[in-house]
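Peer 1: Please read through the structure below; I'll follow up with questions.
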Amino acid sequence: MEKTTLVQFIRRQEKLVDGATGNFTSLMNEILVAAKIVSLEVNCAGIGESIFGLTGKVNVHGEEVQKLDEFADNTFAKLVGQSGTVCAITSEELEKPIIVPKDQAGKYIFMMDPLDGSSNVDVNVSIGTIFSIYRKKTPGDEVTTEDLLQKASEQVAAGYIIYGPSTLFIYTSGNGVHGFTLDPTLGEFFLSHPNLRIPRQGSWYSINEGNVEKWTDKQKRLVDYLKEKDPETHRPYKLRYIGSLVADFHRTLLKGGIFMYPGDRNSPEGKLRFQFEAAPLAFVVANAGGTASDGVKRIMDHTPGDIHEKSPLFIGSVNEVELAESMLK
Ligand code: P6P
């Protein structure tokens with residue numbers, strides 16, 4: 001089979017877009033180079049000068065920052081920031097946005113969770129980078145709040161890199177969801193999962209059942225329902241939960257079913273970030289035939305009020321997300 005590299009694929013897709021200037025391809029090229037650098041670091045973590053462990057710093061959410069978090073954040077911010085294609089970068093690890101100097105700025109806004117699930121790296125569990133790309137909305141050079149807080153459906157592209165048994169680059173720019181596998185011997189991403197589609201119904205659910213005592217009664221009823229035996233409605237569902245969003249989402253995308261991180265009595269908005277986790281994965285799953293909700297409203301219909309806003313997340317097959325919404329309303 002002819003091997004297609006990620007850049008070749010993006011160039012072909014860009015030709016389908018009237019008035020394309022090549023800036024999107026340039027931006028994606030910097031993202032994939034950063035992904036290769038982070039992949040190398042993640043896969044060598046623990047050898048020599050250990051990049052395991054904590055920096056001793058705490059992020060805006062009060063979470064301890066792993067050395068790898070900081071490495072990934074710096075790598076993506078540097079390469080994307082120097083690409084000449086973005087005017088701003090926001091990150092789960094940065095309290096405030098990076099505003100690119102006007103003479104080096106472009107029309108895109110890049111958002112990222114640079115290394116989601118990084119606390120799992122010490123136990124060799126797959127982790128990942130999640131990214132989202134918007135266009136600057138307002139005229140002029142100044143980057144405004146309106147540019148930084150856009151409705152999820154305004155995304156131009158979104159995707160994730162999963163650093164696991166192999167390094168996969170999964171993205172969509174609105175024309176299907178496509179996956180590329182890194183060949184470490186060549187240092188190149190090759191097309192391996194063209195036109196990914198999520199099954200309309202699955203047989204898996206993914207949630208941290210350790211939080212059950214904090215759930216609402218409706219959330220408890222929903223999970224109990226999934227576990228009841230009823231062959232006619234394909235129950236009981238099977239439980240899979242790794243505790244690394246990118247890994248749990250990727251399995252859901254390929255196998256179907258639902259991933260849930262609900263709000264609870266202590267944290268009604270849940271744990272996951274809207275702009276760096278919920279919105280990009282919602283854009284990916286929507287382009288693969290699935291959907292995502294906060295339990296009441298579709299993620300793609302929401303406009304965040306703050307860069308670091310959190311959101312409950314129910315994402316995956318249409319059948320299961322609609323079931324969740326019907327039982328949580
Ligand atoms: P819990 C990792 O820390 C993370 O942000 C996501 O990758 C993951 O889905 C979630 O938190 C796991 O959270 O509370 O189940 O440990």
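Within each chain, counting starts at residue 1; across the structure tokens, chains are named A, B, ... in the order shown, with ligands numbered 1 upward in that order.
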Using only C-alpha atoms and all ligand atoms, find each residue of chain A with at least one atom at most 7 Å away from an atom of ligand 1; report its shortest atom-to-atom pair and that distance in Å (one decimal), sort the rows by chain and rising residue number, and return the result as a tab-separated table.

Peer 2:
```
residue	atom	partner	partner_atom_place_in_ligand_line	distance
A:Asp116	CA	ligand 1	7 (O)	5.0
A:Gly117	CA	ligand 1	2 (C)	3.7
A:Ser118	CA	ligand 1	2 (C)	6.9
A:Ser119	CA	ligand 1	3 (O)	6.5
A:Asn208	CA	ligand 1	15 (O)	4.9
A:Gly243	CA	ligand 1	12 (C)	4.2
A:Ser244	CA	ligand 1	7 (O)	3.7
A:Leu245	CA	ligand 1	9 (O)	3.5
A:Val246	CA	ligand 1	7 (O)	6.4
A:Lys271	CA	ligand 1	11 (O)	6.9
A:Leu272	CA	ligand 1	5 (O)	6.2
```

Peer 1: Once you count only C-alpha atoms, what closest atom pair and distance in Å to one decimal does each residue of segment 144-229 of chain A within 10 Å of segment 80-98 of chain A have, with rows by chain and rising residue number, as a tab-separated table?

Peer 2:
```
residue	atom	partner	partner_atom	distance
A:Thr144	CA	A:Ala88	CA	9.9
A:Asp147	CA	A:Ala88	CA	9.2
A:Leu148	CA	A:Ala88	CA	8.2
```

Peer 1: Would you mind exporting the chosen residues as a CSV table (one decimal), in the first residue's frame, restricted to N, CA, C and O atoms?

Peer 2:
```csv
chain,number,residue,atom,x,y,z
A,144,THR,N,-8.3,39.6,21.3
A,144,THR,CA,-9.3,40.0,22.3
A,144,THR,C,-9.9,38.8,23.0
A,144,THR,O,-9.7,37.7,22.6
A,147,ASP,N,-11.8,36.6,20.8
A,147,ASP,CA,-10.9,35.7,20.0
A,147,ASP,C,-10.6,34.4,20.8
A,147,ASP,O,-10.5,33.3,20.3
A,148,LEU,N,-10.4,34.6,22.1
A,148,LEU,CA,-9.9,33.5,22.9
A,148,LEU,C,-11.0,32.7,23.5
A,148,LEU,O,-10.8,31.5,23.9
```

Peer 1: Quick one: residues within 12 Å of Pro165 of chain A, only C-alpha atoms counted, chain neighbours fewer than 2 positions away excluded, as a PyMOL selection string?

Peer 2: chain A and resi 39+42-43+124-127+162-163+167-168+181-184+247

Peer 1: Contacts of Val156 of chain A at 9 Å or less, counting only C-alpha atoms, minus same-chain residues fewer than 2 places along, as a list in words?

Peer 2: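 The residues satisfying every condition are Tyr108, Ser132, Ile133, Tyr134, Arg135, Ser153, Glu154, Ala158, Thr172, Ser173 and Gly174 of chain A.
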
Peer 1: Where in segment 140-320 of chain A does DSSP assign alpha helix (DSSP H), given as an MDAnalysis selection string?

Peer 2: chainID A and resid 145:148 217:227 245:255 279:286 318:320

Peer 1: So that each row is one residue of segment 133-228 of chain A with an atom at most 6 Å from segment 1-8 of chain A, can you give its shortest atom pair and the distance in Å to one decimal, using only C-alpha atoms, rows by chain and rising number, as a tab-separated table?

Peer 2:
```
residue	atom	partner	partner_atom	distance
A:Phe189	CA	A:Leu6	CA	5.6
A:Phe190	CA	A:Thr5	CA	4.4
A:Leu191	CA	A:Thr4	CA	5.5
```

Peer 1: Could you please determine the separation between atom CA of Pro268 of chain A and atom CA of Asp306 of chain A in Å, to one decimal place?

Peer 2: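 Pair atom CA of Pro268 of chain A / atom CA of Asp306 of chain A returns 16.1 Å.
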
Peer 1: Would you mind writing down, as JSON, numbers by chain, each residue of segment 51-196 of chain A that DSSP on the backbone assigns to strand (DSSP E or B)?

Peer 2: {"A": [54, 55, 56, 57, 58, 64, 65, 66, 86, 87, 88, 89, 90, 91, 98, 99, 108, 109, 110, 111, 112, 113, 114, 115, 116, 127, 128, 129, 130, 131, 132, 133, 134, 135, 157, 158, 159, 160, 161, 162, 163, 167, 168, 169, 170, 171, 172, 177, 178, 179, 180, 181, 182, 183, 188, 189, 190, 191, 192, 193]}

Peer 1: Counting only C-alpha atoms, what is within 8 Å of Ile161 of chain A, bar same-chain residues fewer than 4 positions away, as a ChimeraX atom specification?

Peer 2: /A:35,128-130,167-170

Peer 1: Print the selection's residues with N, CA and C atoms to a file, as a PDB file, in the first residue's frame.

Peer 2:
```pdb
ATOM      1  N   ALA A  35       5.365  17.034  18.324  1.00  0.00           N
ATOM      2  CA  ALA A  35       4.889  15.714  18.769  1.00  0.00           C
ATOM      3  C   ALA A  35       6.020  14.692  18.732  1.00  0.00           C
ATOM      4  N   GLY A 128      -1.019  11.767  26.632  1.00  0.00           N
ATOM      5  CA  GLY A 128      -1.201  12.410  25.345  1.00  0.00           C
ATOM      6  C   GLY A 128      -1.242  13.923  25.361  1.00  0.00           C
ATOM      7  N   THR A 129      -1.114  14.497  24.185  1.00  0.00           N
ATOM      8  CA  THR A 129      -1.279  15.937  23.949  1.00  0.00           C
ATOM      9  C   THR A 129      -2.616  16.133  23.256  1.00  0.00           C
ATOM     10  N   ILE A 130      -3.388  17.127  23.695  1.00  0.00           N
ATOM     11  CA  ILE A 130      -4.661  17.453  23.045  1.00  0.00           C
ATOM     12  C   ILE A 130      -4.574  18.887  22.540  1.00  0.00           C
ATOM     13  N   THR A 167       3.154   5.797  18.821  1.00  0.00           N
ATOM     14  CA  THR A 167       2.727   7.203  18.895  1.00  0.00           C
ATOM     15  C   THR A 167       1.792   7.478  17.732  1.00  0.00           C
ATOM     16  N   LEU A 168       0.549   7.847  18.076  1.00  0.00           N
ATOM     17  CA  LEU A 168      -0.474   8.110  17.056  1.00  0.00           C
ATOM     18  C   LEU A 168      -0.812   9.593  17.042  1.00  0.00           C
ATOM     19  N   PHE A 169      -1.008  10.124  15.844  1.00  0.00           N
ATOM     20  CA  PHE A 169      -1.433  11.514  15.653  1.00  0.00           C
ATOM     21  C   PHE A 169      -2.829  11.451  15.020  1.00  0.00           C
ATOM     22  N   ILE A 170      -3.847  11.854  15.768  1.00  0.00           N
ATOM     23  CA  ILE A 170      -5.233  11.799  15.301  1.00  0.00           C
ATOM     24  C   ILE A 170      -5.732  13.237  15.160  1.00  0.00           C
TER      25      ILE A 170
END
```

Peer 1: Could you check how far atom CA of Gly316 of chain A sits from atom CA of Thr291 of chain A, in Å to one decimal?

Peer 2: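 Atom-to-atom, atom CA of Gly316 of chain A and atom CA of Thr291 of chain A are spaced 5.8 Å apart.
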
Peer 1: Rounded to one decimal, what separation in Å do you get between atom CA of Arg298 of chain A and atom CA of Gly202 of chain A?

Peer 2: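 For atom CA of Arg298 of chain A relative to atom CA of Gly202 of chain A, the distance reads 19.4 Å.
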